[in-house]
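So this block is work_9.txt, compact mmCIF, N, CA, C and O atoms:
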# COMPACT_ATOMS: atom_id res chain seq x y z
N MET W 747 9.32 0.00 11.68
CA MET W 747 8.20 0.95 11.72
C MET W 747 6.90 0.16 11.56
O MET W 747 6.75 -0.61 10.62
N PRO W 748 5.97 0.36 12.48
CA PRO W 748 4.70 -0.36 12.35
C PRO W 748 3.92 0.13 11.14
O PRO W 748 3.96 1.30 10.79
N ILE W 749 3.21 -0.80 10.53
CA ILE W 749 2.39 -0.46 9.38
C ILE W 749 1.05 0.03 9.90
O ILE W 749 0.41 -0.62 10.71
N LEU W 750 0.63 1.18 9.43
CA LEU W 750 -0.60 1.81 9.89
C LEU W 750 -1.80 1.19 9.17
O LEU W 750 -1.77 1.02 7.95
N GLN W 751 -2.82 0.85 9.92
CA GLN W 751 -4.09 0.38 9.34
C GLN W 751 -4.93 1.62 9.04
O GLN W 751 -5.30 2.35 9.95
N VAL W 752 -5.22 1.85 7.77
CA VAL W 752 -5.96 3.03 7.36
C VAL W 752 -7.39 2.63 7.02
O VAL W 752 -7.62 1.57 6.44
N VAL W 753 -8.33 3.49 7.38
CA VAL W 753 -9.74 3.26 7.10
C VAL W 753 -10.25 4.35 6.17
O VAL W 753 -9.56 5.34 5.91
N ASP W 754 -11.48 4.17 5.67
CA ASP W 754 -12.06 5.15 4.76
C ASP W 754 -11.91 6.58 5.28
O ASP W 754 -11.52 7.48 4.54
N SER W 755 -12.21 6.77 6.56
CA SER W 755 -12.22 8.12 7.13
C SER W 755 -10.82 8.71 7.34
O SER W 755 -10.69 9.93 7.46
N SER W 756 -9.78 7.89 7.38
CA SER W 756 -8.43 8.42 7.62
C SER W 756 -7.55 8.38 6.37
O SER W 756 -6.41 8.83 6.41
N PHE W 757 -8.08 7.87 5.26
CA PHE W 757 -7.27 7.70 4.06
C PHE W 757 -6.71 9.03 3.55
O PHE W 757 -5.53 9.14 3.25
N GLU W 758 -7.56 10.04 3.49
CA GLU W 758 -7.10 11.33 2.98
C GLU W 758 -5.98 11.91 3.84
O GLU W 758 -4.95 12.34 3.33
N ALA W 759 -6.15 11.88 5.15
CA ALA W 759 -5.14 12.44 6.05
C ALA W 759 -3.84 11.65 6.01
O ALA W 759 -2.75 12.23 6.01
N GLU W 760 -3.94 10.32 5.98
CA GLU W 760 -2.74 9.48 6.07
C GLU W 760 -2.04 9.26 4.74
O GLU W 760 -0.83 9.02 4.70
N VAL W 761 -2.78 9.30 3.64
CA VAL W 761 -2.20 8.98 2.33
C VAL W 761 -2.15 10.22 1.43
O VAL W 761 -1.08 10.64 1.00
N ILE W 762 -3.30 10.80 1.16
CA ILE W 762 -3.37 11.91 0.21
C ILE W 762 -2.60 13.14 0.70
O ILE W 762 -1.90 13.79 -0.06
N LYS W 763 -2.70 13.43 1.98
CA LYS W 763 -2.04 14.63 2.52
C LYS W 763 -0.66 14.35 3.11
O LYS W 763 -0.04 15.24 3.68
N SER W 764 -0.16 13.14 2.93
CA SER W 764 1.16 12.80 3.47
C SER W 764 2.26 13.53 2.71
O SER W 764 2.18 13.70 1.50
N ASP W 765 3.29 13.95 3.44
CA ASP W 765 4.42 14.60 2.79
C ASP W 765 5.48 13.58 2.36
O ASP W 765 6.54 13.95 1.86
N ARG W 766 5.19 12.30 2.56
CA ARG W 766 6.10 11.24 2.15
C ARG W 766 5.44 10.41 1.05
O ARG W 766 4.22 10.43 0.88
N ILE W 767 6.24 9.64 0.35
CA ILE W 767 5.70 8.65 -0.57
C ILE W 767 5.01 7.59 0.29
O ILE W 767 5.52 7.19 1.33
N VAL W 768 3.82 7.16 -0.15
CA VAL W 768 3.05 6.19 0.62
C VAL W 768 2.81 4.94 -0.21
O VAL W 768 2.35 5.02 -1.35
N LEU W 769 3.15 3.78 0.36
CA LEU W 769 2.84 2.50 -0.24
C LEU W 769 1.59 1.99 0.46
O LEU W 769 1.57 1.85 1.68
N VAL W 770 0.53 1.76 -0.31
CA VAL W 770 -0.75 1.32 0.24
C VAL W 770 -0.99 -0.12 -0.18
O VAL W 770 -1.01 -0.43 -1.37
N ASP W 771 -1.18 -0.99 0.80
CA ASP W 771 -1.46 -2.40 0.57
C ASP W 771 -2.95 -2.63 0.78
O ASP W 771 -3.44 -2.58 1.90
N PHE W 772 -3.69 -2.83 -0.33
CA PHE W 772 -5.11 -3.16 -0.25
C PHE W 772 -5.20 -4.68 -0.11
O PHE W 772 -4.69 -5.41 -0.96
N TRP W 773 -5.88 -5.15 0.94
CA TRP W 773 -5.88 -6.57 1.27
C TRP W 773 -7.18 -6.96 1.97
O TRP W 773 -8.02 -6.10 2.24
N ALA W 774 -7.33 -8.24 2.26
CA ALA W 774 -8.45 -8.74 3.07
C ALA W 774 -7.98 -9.97 3.84
O ALA W 774 -7.06 -10.67 3.41
N HIS W 775 -8.62 -10.22 4.99
CA HIS W 775 -8.21 -11.33 5.86
C HIS W 775 -8.29 -12.69 5.18
O HIS W 775 -7.46 -13.56 5.41
N TRP W 776 -9.28 -12.90 4.33
CA TRP W 776 -9.52 -14.20 3.70
C TRP W 776 -8.62 -14.46 2.49
O TRP W 776 -8.62 -15.55 1.94
N CYS W 777 -7.84 -13.48 2.09
CA CYS W 777 -7.06 -13.53 0.84
C CYS W 777 -5.71 -14.22 1.05
O CYS W 777 -4.83 -13.69 1.73
N GLY W 778 -5.56 -15.41 0.46
CA GLY W 778 -4.30 -16.15 0.56
C GLY W 778 -3.10 -15.40 -0.01
O GLY W 778 -2.06 -15.28 0.66
N PRO W 779 -3.19 -14.87 -1.25
CA PRO W 779 -2.06 -14.11 -1.79
C PRO W 779 -1.71 -12.88 -0.95
O PRO W 779 -0.55 -12.49 -0.88
N CYS W 780 -2.71 -12.30 -0.28
CA CYS W 780 -2.44 -11.15 0.60
C CYS W 780 -1.55 -11.58 1.77
O CYS W 780 -0.63 -10.86 2.16
N ARG W 781 -1.84 -12.77 2.31
CA ARG W 781 -1.02 -13.29 3.41
C ARG W 781 0.39 -13.63 2.91
O ARG W 781 1.36 -13.51 3.66
N MET W 782 0.49 -14.06 1.65
CA MET W 782 1.80 -14.39 1.09
C MET W 782 2.68 -13.15 0.94
O MET W 782 3.88 -13.20 1.18
N ILE W 783 2.09 -12.02 0.55
CA ILE W 783 2.88 -10.82 0.30
C ILE W 783 3.08 -9.98 1.56
O ILE W 783 3.96 -9.12 1.60
N ALA W 784 2.32 -10.25 2.61
CA ALA W 784 2.41 -9.46 3.85
C ALA W 784 3.83 -9.39 4.41
O ALA W 784 4.29 -8.30 4.79
N PRO W 785 4.59 -10.50 4.48
CA PRO W 785 5.97 -10.39 5.00
C PRO W 785 6.86 -9.50 4.14
O PRO W 785 7.73 -8.80 4.65
N VAL W 786 6.62 -9.49 2.84
CA VAL W 786 7.39 -8.64 1.93
C VAL W 786 7.07 -7.17 2.21
O VAL W 786 7.98 -6.33 2.28
N VAL W 787 5.81 -6.86 2.38
CA VAL W 787 5.40 -5.49 2.69
C VAL W 787 6.00 -5.07 4.03
O VAL W 787 6.49 -3.93 4.17
N ASN W 788 6.02 -5.97 5.01
CA ASN W 788 6.64 -5.66 6.31
C ASN W 788 8.13 -5.38 6.17
O ASN W 788 8.66 -4.46 6.80
N GLU W 789 8.82 -6.18 5.36
CA GLU W 789 10.26 -5.96 5.13
C GLU W 789 10.50 -4.59 4.50
O GLU W 789 11.41 -3.87 4.91
N ILE W 790 9.70 -4.25 3.51
CA ILE W 790 9.85 -2.94 2.85
C ILE W 790 9.58 -1.82 3.85
O ILE W 790 10.31 -0.82 3.88
N ALA W 791 8.56 -1.98 4.68
CA ALA W 791 8.26 -0.97 5.70
C ALA W 791 9.45 -0.75 6.62
O ALA W 791 9.77 0.39 6.97
N ASN W 792 10.13 -1.83 7.00
CA ASN W 792 11.30 -1.71 7.88
C ASN W 792 12.50 -1.13 7.15
O ASN W 792 13.19 -0.25 7.68
N GLU W 793 12.76 -1.60 5.95
CA GLU W 793 13.94 -1.16 5.20
C GLU W 793 13.83 0.30 4.74
O GLU W 793 14.84 0.98 4.60
N TYR W 794 12.62 0.77 4.49
CA TYR W 794 12.41 2.12 3.97
C TYR W 794 11.74 3.03 4.99
O TYR W 794 11.18 4.06 4.63
N GLN W 795 11.83 2.68 6.27
CA GLN W 795 11.07 3.39 7.29
C GLN W 795 11.37 4.88 7.37
O GLN W 795 10.51 5.67 7.76
N ASN W 796 12.57 5.30 7.00
CA ASN W 796 12.90 6.72 7.05
C ASN W 796 12.62 7.44 5.74
O ASN W 796 12.86 8.64 5.62
N VAL W 797 12.11 6.70 4.75
CA VAL W 797 11.92 7.26 3.42
C VAL W 797 10.44 7.32 3.02
O VAL W 797 9.99 8.30 2.45
N ILE W 798 9.70 6.24 3.31
CA ILE W 798 8.30 6.16 2.90
C ILE W 798 7.41 5.81 4.07
O ILE W 798 7.89 5.42 5.14
N LYS W 799 6.12 5.93 3.85
CA LYS W 799 5.11 5.47 4.80
C LYS W 799 4.43 4.26 4.17
O LYS W 799 4.15 4.26 2.97
N VAL W 800 4.20 3.22 4.96
CA VAL W 800 3.51 2.03 4.47
C VAL W 800 2.22 1.87 5.28
O VAL W 800 2.24 1.90 6.50
N VAL W 801 1.10 1.74 4.54
CA VAL W 801 -0.20 1.57 5.20
C VAL W 801 -0.94 0.40 4.56
O VAL W 801 -0.66 0.00 3.44
N LYS W 802 -1.89 -0.15 5.31
CA LYS W 802 -2.73 -1.25 4.83
C LYS W 802 -4.19 -0.80 4.88
O LYS W 802 -4.58 -0.12 5.82
N VAL W 803 -4.95 -1.21 3.87
CA VAL W 803 -6.38 -0.93 3.82
C VAL W 803 -7.10 -2.26 3.63
O VAL W 803 -6.91 -2.93 2.61
N ASP W 804 -7.91 -2.64 4.62
CA ASP W 804 -8.73 -3.84 4.53
C ASP W 804 -9.92 -3.51 3.63
O ASP W 804 -10.78 -2.71 4.01
N THR W 805 -9.96 -4.10 2.44
CA THR W 805 -11.00 -3.75 1.47
C THR W 805 -12.40 -4.16 1.92
O THR W 805 -13.38 -3.53 1.52
N ASP W 806 -12.51 -5.18 2.75
CA ASP W 806 -13.83 -5.59 3.24
C ASP W 806 -14.40 -4.56 4.22
O ASP W 806 -15.59 -4.29 4.21
N SER W 807 -13.55 -3.99 5.04
CA SER W 807 -13.99 -3.02 6.05
C SER W 807 -14.06 -1.60 5.53
O SER W 807 -14.64 -0.73 6.17
N ASN W 808 -13.43 -1.36 4.38
CA ASN W 808 -13.32 0.01 3.84
C ASN W 808 -13.70 0.03 2.36
O ASN W 808 -12.87 0.34 1.50
N PRO W 809 -14.96 -0.26 2.06
CA PRO W 809 -15.37 -0.37 0.67
C PRO W 809 -15.34 0.94 -0.11
O PRO W 809 -15.19 0.92 -1.34
N ALA W 810 -15.47 2.07 0.55
CA ALA W 810 -15.49 3.35 -0.17
C ALA W 810 -14.15 3.62 -0.86
O ALA W 810 -14.11 3.97 -2.03
N ILE W 811 -13.06 3.43 -0.13
CA ILE W 811 -11.74 3.66 -0.72
C ILE W 811 -11.45 2.60 -1.78
O ILE W 811 -10.92 2.91 -2.85
N ALA W 812 -11.80 1.36 -1.51
CA ALA W 812 -11.59 0.30 -2.49
C ALA W 812 -12.34 0.61 -3.79
O ALA W 812 -11.80 0.44 -4.88
N ALA W 813 -13.56 1.09 -3.68
CA ALA W 813 -14.35 1.43 -4.87
C ALA W 813 -13.77 2.65 -5.57
O ALA W 813 -13.69 2.69 -6.81
N GLU W 814 -13.36 3.65 -4.80
CA GLU W 814 -12.81 4.87 -5.40
C GLU W 814 -11.59 4.59 -6.26
O GLU W 814 -11.41 5.20 -7.31
N TYR W 815 -10.77 3.65 -5.83
CA TYR W 815 -9.55 3.33 -6.58
C TYR W 815 -9.70 2.09 -7.46
O TYR W 815 -8.72 1.59 -8.01
N GLY W 816 -10.93 1.61 -7.61
CA GLY W 816 -11.21 0.53 -8.54
C GLY W 816 -10.52 -0.78 -8.21
O GLY W 816 -10.08 -1.50 -9.11
N ILE W 817 -10.44 -1.10 -6.93
CA ILE W 817 -9.79 -2.34 -6.52
C ILE W 817 -10.69 -3.52 -6.89
O ILE W 817 -11.78 -3.66 -6.38
N ARG W 818 -10.21 -4.34 -7.83
CA ARG W 818 -10.97 -5.50 -8.26
C ARG W 818 -10.26 -6.81 -7.91
O ARG W 818 -10.87 -7.86 -7.89
N SER W 819 -8.96 -6.72 -7.70
CA SER W 819 -8.16 -7.89 -7.30
C SER W 819 -7.29 -7.48 -6.12
O SER W 819 -6.80 -6.35 -6.07
N ILE W 820 -7.13 -8.42 -5.20
CA ILE W 820 -6.22 -8.16 -4.09
C ILE W 820 -5.25 -9.33 -3.98
O ILE W 820 -5.60 -10.45 -4.38
N PRO W 821 -4.05 -9.09 -3.52
CA PRO W 821 -3.54 -7.79 -3.07
C PRO W 821 -3.29 -6.83 -4.22
O PRO W 821 -2.88 -7.24 -5.30
N THR W 822 -3.56 -5.58 -3.96
CA THR W 822 -3.19 -4.49 -4.86
C THR W 822 -2.34 -3.54 -4.05
O THR W 822 -2.74 -3.10 -2.98
N ILE W 823 -1.17 -3.24 -4.58
CA ILE W 823 -0.26 -2.29 -3.93
C ILE W 823 -0.26 -1.02 -4.77
O ILE W 823 -0.02 -1.09 -5.99
N MET W 824 -0.55 0.11 -4.15
CA MET W 824 -0.50 1.39 -4.86
C MET W 824 0.54 2.28 -4.22
O MET W 824 0.73 2.25 -3.00
N ILE W 825 1.19 3.06 -5.05
CA ILE W 825 2.18 4.02 -4.57
C ILE W 825 1.63 5.42 -4.84
O ILE W 825 1.22 5.72 -5.97
N PHE W 826 1.62 6.23 -3.79
CA PHE W 826 1.15 7.61 -3.88
C PHE W 826 2.31 8.55 -3.63
O PHE W 826 3.10 8.34 -2.71
N LYS W 827 2.40 9.58 -4.45
CA LYS W 827 3.42 10.62 -4.27
C LYS W 827 2.72 11.96 -4.40
O LYS W 827 2.01 12.20 -5.38
N ASN W 828 2.90 12.82 -3.41
CA ASN W 828 2.26 14.13 -3.38
C ASN W 828 0.74 14.01 -3.54
O ASN W 828 0.12 14.81 -4.23
N GLY W 829 0.16 12.97 -2.93
CA GLY W 829 -1.28 12.81 -2.94
C GLY W 829 -1.86 12.20 -4.19
O GLY W 829 -3.07 12.06 -4.32
N THR W 830 -1.02 11.82 -5.14
CA THR W 830 -1.48 11.26 -6.40
C THR W 830 -0.98 9.83 -6.56
O THR W 830 0.20 9.56 -6.29
N ARG W 831 -1.85 8.95 -7.02
CA ARG W 831 -1.43 7.58 -7.29
C ARG W 831 -0.50 7.62 -8.51
O ARG W 831 -0.86 8.09 -9.57
N VAL W 832 0.72 7.09 -8.32
CA VAL W 832 1.70 7.09 -9.41
C VAL W 832 1.96 5.71 -9.98
O VAL W 832 2.49 5.58 -11.08
N ASP W 833 1.60 4.65 -9.24
CA ASP W 833 1.83 3.29 -9.75
C ASP W 833 0.98 2.29 -8.99
O ASP W 833 0.53 2.56 -7.87
N THR W 834 0.77 1.14 -9.65
CA THR W 834 -0.03 0.07 -9.07
C THR W 834 0.60 -1.27 -9.42
O THR W 834 1.04 -1.47 -10.56
N VAL W 835 0.67 -2.15 -8.44
CA VAL W 835 1.14 -3.52 -8.64
C VAL W 835 0.05 -4.45 -8.11
O VAL W 835 -0.38 -4.29 -6.97
N ILE W 836 -0.38 -5.39 -8.94
CA ILE W 836 -1.47 -6.29 -8.54
C ILE W 836 -0.92 -7.70 -8.40
O ILE W 836 -0.19 -8.18 -9.26
N GLY W 837 -1.30 -8.35 -7.30
CA GLY W 837 -0.93 -9.74 -7.08
C GLY W 837 0.23 -9.89 -6.11
O GLY W 837 0.87 -8.93 -5.70
N ALA W 838 0.46 -11.16 -5.74
CA ALA W 838 1.56 -11.49 -4.83
C ALA W 838 2.84 -11.59 -5.64
O ALA W 838 3.22 -12.64 -6.13
N VAL W 839 3.49 -10.46 -5.81
CA VAL W 839 4.70 -10.37 -6.64
C VAL W 839 5.94 -10.51 -5.77
O VAL W 839 5.89 -10.32 -4.55
N PRO W 840 7.09 -10.81 -6.39
CA PRO W 840 8.33 -10.89 -5.62
C PRO W 840 8.72 -9.52 -5.04
O PRO W 840 8.34 -8.48 -5.57
N LYS W 841 9.50 -9.57 -3.98
CA LYS W 841 9.97 -8.34 -3.34
C LYS W 841 10.69 -7.44 -4.34
O LYS W 841 10.52 -6.23 -4.33
N SER W 842 11.49 -8.04 -5.23
CA SER W 842 12.25 -7.25 -6.20
C SER W 842 11.32 -6.42 -7.08
O SER W 842 11.65 -5.28 -7.45
N THR W 843 10.16 -6.96 -7.41
CA THR W 843 9.21 -6.21 -8.24
C THR W 843 8.71 -4.98 -7.50
O THR W 843 8.65 -3.88 -8.07
N LEU W 844 8.37 -5.14 -6.23
CA LEU W 844 7.90 -3.99 -5.44
C LEU W 844 9.02 -2.97 -5.26
O LEU W 844 8.78 -1.76 -5.37
N ILE W 845 10.22 -3.44 -4.97
CA ILE W 845 11.36 -2.52 -4.77
C ILE W 845 11.64 -1.74 -6.06
O ILE W 845 11.82 -0.52 -6.01
N ASN W 846 11.67 -2.43 -7.19
CA ASN W 846 11.94 -1.75 -8.46
C ASN W 846 10.87 -0.72 -8.77
O ASN W 846 11.17 0.39 -9.26
N THR W 847 9.62 -1.06 -8.49
CA THR W 847 8.53 -0.10 -8.72
C THR W 847 8.66 1.10 -7.79
O THR W 847 8.55 2.24 -8.23
N LEU W 848 8.92 0.84 -6.54
CA LEU W 848 9.06 1.90 -5.54
C LEU W 848 10.25 2.81 -5.84
O LEU W 848 10.15 4.04 -5.75
N ASP W 849 11.37 2.21 -6.22
CA ASP W 849 12.59 2.99 -6.44
C ASP W 849 12.44 4.02 -7.56
O ASP W 849 13.16 5.03 -7.58
N LYS W 850 11.51 3.83 -8.47
CA LYS W 850 11.29 4.79 -9.55
C LYS W 850 10.84 6.15 -9.02
O LYS W 850 10.98 7.17 -9.70
N TYR W 851 10.27 6.17 -7.81
CA TYR W 851 9.67 7.40 -7.28
C TYR W 851 10.45 8.00 -6.12
O TYR W 851 10.04 9.02 -5.59
N LEU W 852 11.56 7.39 -5.76
CA LEU W 852 12.35 7.90 -4.62
C LEU W 852 13.35 8.94 -5.09
O LEU W 852 13.77 8.98 -6.20
Write the structure described by the file as structure tokens, please.
Amino acid sequence: MPILQVVDSSFEAEVIKSDRIVLVDFWAHWCGPCRMIAPVVNEIANEYQNVIKVVKVDTDSNPAIAAEYGIRSIPTIMIFKNGTRVDTVIGAVPKSTLINTLDKYL
């Protein structure tokens, strides 16, 4: 399943109003740790494609959403369920950490 690039104007429709659990990857092009975790996020998107939605938000291009959710470090992964942020993982963490965090909400 392709990962959707979400922008400030589409965040509410794609994340807040989604009927699925949404994993949001806040990242930027210049961020080394973001590039390190990108393959892990892609693997999760493929493995959970029938269960969750995975989206990416470029914090440089979408400062309103980044500010609204207090993004101070990237990568920041947030999990939304029923339109509400239920968990946050900051940094380039192992896949097992993301899976364990995600599985709490499935």
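Shortest separation to Met824 of chain W among W:Thr847, W:Gly837, W:Phe772, W:Phe757 occurs at residue W:Phe772, atoms counted being only N, CA, C and O atoms.
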Mind the document's chain letters and residue numbers, and return as a count of residues only the residues of segment 757-850 of chain W that DSSP labels strand (DSSP E or B). 27
Contacts of Val753 of chain W at 7 Å (only N, CA, C and O atoms; same-chain gap of 4+ positions) as a VMD selection string: chain W and resid 757 to 758 802 to 804 807 to 808 811
Using all atoms listed in the file, which protein or nucleic acid residues come within 8 Å of segment 814-820 of chain W? Drop anything in the same chain fewer than 3 positions from it, and give the result as a PDB file with N, CA, C and O atoms, in the frame of the given file.
ATOM      1  N   PHE W 772      -3.690  -2.830  -0.330  1.00  0.00           N
ATOM      2  CA  PHE W 772      -5.110  -3.160  -0.250  1.00  0.00           C
ATOM      3  C   PHE W 772      -5.200  -4.680  -0.110  1.00  0.00           C
ATOM      4  O   PHE W 772      -4.690  -5.410  -0.960  1.00  0.00           O
ATOM      5  N   TRP W 773      -5.880  -5.150   0.940  1.00  0.00           N
ATOM      6  CA  TRP W 773      -5.880  -6.570   1.270  1.00  0.00           C
ATOM      7  C   TRP W 773      -7.180  -6.960   1.970  1.00  0.00           C
ATOM      8  O   TRP W 773      -8.020  -6.100   2.240  1.00  0.00           O
ATOM      9  N   ALA W 774      -7.330  -8.240   2.260  1.00  0.00           N
ATOM     10  CA  ALA W 774      -8.450  -8.740   3.070  1.00  0.00           C
ATOM     11  C   ALA W 774      -7.980  -9.970   3.840  1.00  0.00           C
ATOM     12  O   ALA W 774      -7.060 -10.670   3.410  1.00  0.00           O
ATOM     13  N   CYS W 777      -7.840 -13.480   2.090  1.00  0.00           N
ATOM     14  CA  CYS W 777      -7.060 -13.530   0.840  1.00  0.00           C
ATOM     15  C   CYS W 777      -5.710 -14.220   1.050  1.00  0.00           C
ATOM     16  O   CYS W 777      -4.830 -13.690   1.730  1.00  0.00           O
ATOM     17  N   GLY W 778      -5.560 -15.410   0.460  1.00  0.00           N
ATOM     18  CA  GLY W 778      -4.300 -16.150   0.560  1.00  0.00           C
ATOM     19  C   GLY W 778      -3.100 -15.400  -0.010  1.00  0.00           C
ATOM     20  O   GLY W 778      -2.060 -15.280   0.660  1.00  0.00           O
ATOM     21  N   PRO W 779      -3.190 -14.870  -1.250  1.00  0.00           N
ATOM     22  CA  PRO W 779      -2.060 -14.110  -1.790  1.00  0.00           C
ATOM     23  C   PRO W 779      -1.710 -12.880  -0.950  1.00  0.00           C
ATOM     24  O   PRO W 779      -0.550 -12.490  -0.880  1.00  0.00           O
ATOM     25  N   CYS W 780      -2.710 -12.300  -0.280  1.00  0.00           N
ATOM     26  CA  CYS W 780      -2.440 -11.150   0.600  1.00  0.00           C
ATOM     27  C   CYS W 780      -1.550 -11.580   1.770  1.00  0.00           C
ATOM     28  O   CYS W 780      -0.630 -10.860   2.160  1.00  0.00           O
ATOM     29  N   ARG W 781      -1.840 -12.770   2.310  1.00  0.00           N
ATOM     30  CA  ARG W 781      -1.020 -13.290   3.410  1.00  0.00           C
ATOM     31  C   ARG W 781       0.390 -13.630   2.910  1.00  0.00           C
ATOM     32  O   ARG W 781       1.360 -13.510   3.660  1.00  0.00           O
ATOM     33  N   THR W 805      -9.960  -4.100   2.440  1.00  0.00           N
ATOM     34  CA  THR W 805     -11.000  -3.750   1.470  1.00  0.00           C
ATOM     35  C   THR W 805     -12.400  -4.160   1.920  1.00  0.00           C
ATOM     36  O   THR W 805     -13.380  -3.530   1.520  1.00  0.00           O
ATOM     37  N   ASN W 808     -13.430  -1.360   4.380  1.00  0.00           N
ATOM     38  CA  ASN W 808     -13.320   0.010   3.840  1.00  0.00           C
ATOM     39  C   ASN W 808     -13.700   0.030   2.360  1.00  0.00           C
ATOM     40  O   ASN W 808     -12.870   0.340   1.500  1.00  0.00           O
ATOM     41  N   PRO W 809     -14.960  -0.260   2.060  1.00  0.00           N
ATOM     42  CA  PRO W 809     -15.370  -0.370   0.670  1.00  0.00           C
ATOM     43  C   PRO W 809     -15.340   0.940  -0.110  1.00  0.00           C
ATOM     44  O   PRO W 809     -15.190   0.920  -1.340  1.00  0.00           O
ATOM     45  N   ALA W 810     -15.470   2.070   0.550  1.00  0.00           N
ATOM     46  CA  ALA W 810     -15.490   3.350  -0.170  1.00  0.00           C
ATOM     47  C   ALA W 810     -14.150   3.620  -0.860  1.00  0.00           C
ATOM     48  O   ALA W 810     -14.110   3.970  -2.030  1.00  0.00           O
ATOM     49  N   ILE W 811     -13.060   3.430  -0.130  1.00  0.00           N
ATOM     50  CA  ILE W 811     -11.740   3.660  -0.720  1.00  0.00           C
ATOM     51  C   ILE W 811     -11.450   2.600  -1.780  1.00  0.00           C
ATOM     52  O   ILE W 811     -10.920   2.910  -2.850  1.00  0.00           O
ATOM     53  N   ILE W 823      -1.170  -3.240  -4.580  1.00  0.00           N
ATOM     54  CA  ILE W 823      -0.260  -2.290  -3.930  1.00  0.00           C
ATOM     55  C   ILE W 823      -0.260  -1.020  -4.770  1.00  0.00           C
ATOM     56  O   ILE W 823      -0.020  -1.090  -5.990  1.00  0.00           O
ATOM     57  N   VAL W 835       0.670  -2.150  -8.440  1.00  0.00           N
ATOM     58  CA  VAL W 835       1.140  -3.520  -8.640  1.00  0.00           C
ATOM     59  C   VAL W 835       0.050  -4.450  -8.110  1.00  0.00           C
ATOM     60  O   VAL W 835      -0.380  -4.290  -6.970  1.00  0.00           O
ATOM     61  N   ILE W 836      -0.380  -5.390  -8.940  1.00  0.00           N
ATOM     62  CA  ILE W 836      -1.470  -6.290  -8.540  1.00  0.00           C
ATOM     63  C   ILE W 836      -0.920  -7.700  -8.400  1.00  0.00           C
ATOM     64  O   ILE W 836      -0.190  -8.180  -9.260  1.00  0.00           O
ATOM     65  N   GLY W 837      -1.300  -8.350  -7.300  1.00  0.00           N
ATOM     66  CA  GLY W 837      -0.930  -9.740  -7.080  1.00  0.00           C
ATOM     67  C   GLY W 837       0.230  -9.890  -6.110  1.00  0.00           C
ATOM     68  O   GLY W 837       0.870  -8.930  -5.700  1.00  0.00           O
ATOM     69  N   ALA W 838       0.460 -11.160  -5.740  1.00  0.00           N
ATOM     70  CA  ALA W 838       1.560 -11.490  -4.830  1.00  0.00           C
ATOM     71  C   ALA W 838       2.840 -11.590  -5.640  1.00  0.00           C
ATOM     72  O   ALA W 838       3.220 -12.640  -6.130  1.00  0.00           O
TER      73      ALA W 838
END
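Residues surrounding Leu750 of chain W within 12 Å are Ser756, Phe757, Glu760, Val761, Val768, Leu769, Val770, Asp771, Val787, Asn788, Ala791, Lys799, Val800, Val801, Lys802, Val803 and Asp804 of chain W [only C-alpha atoms; sequence separation below 4 positions excluded].
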Interatomic distance between atom N of Leu848 of chain W and atom CA of Gln751 of chain W? 20.5 Å
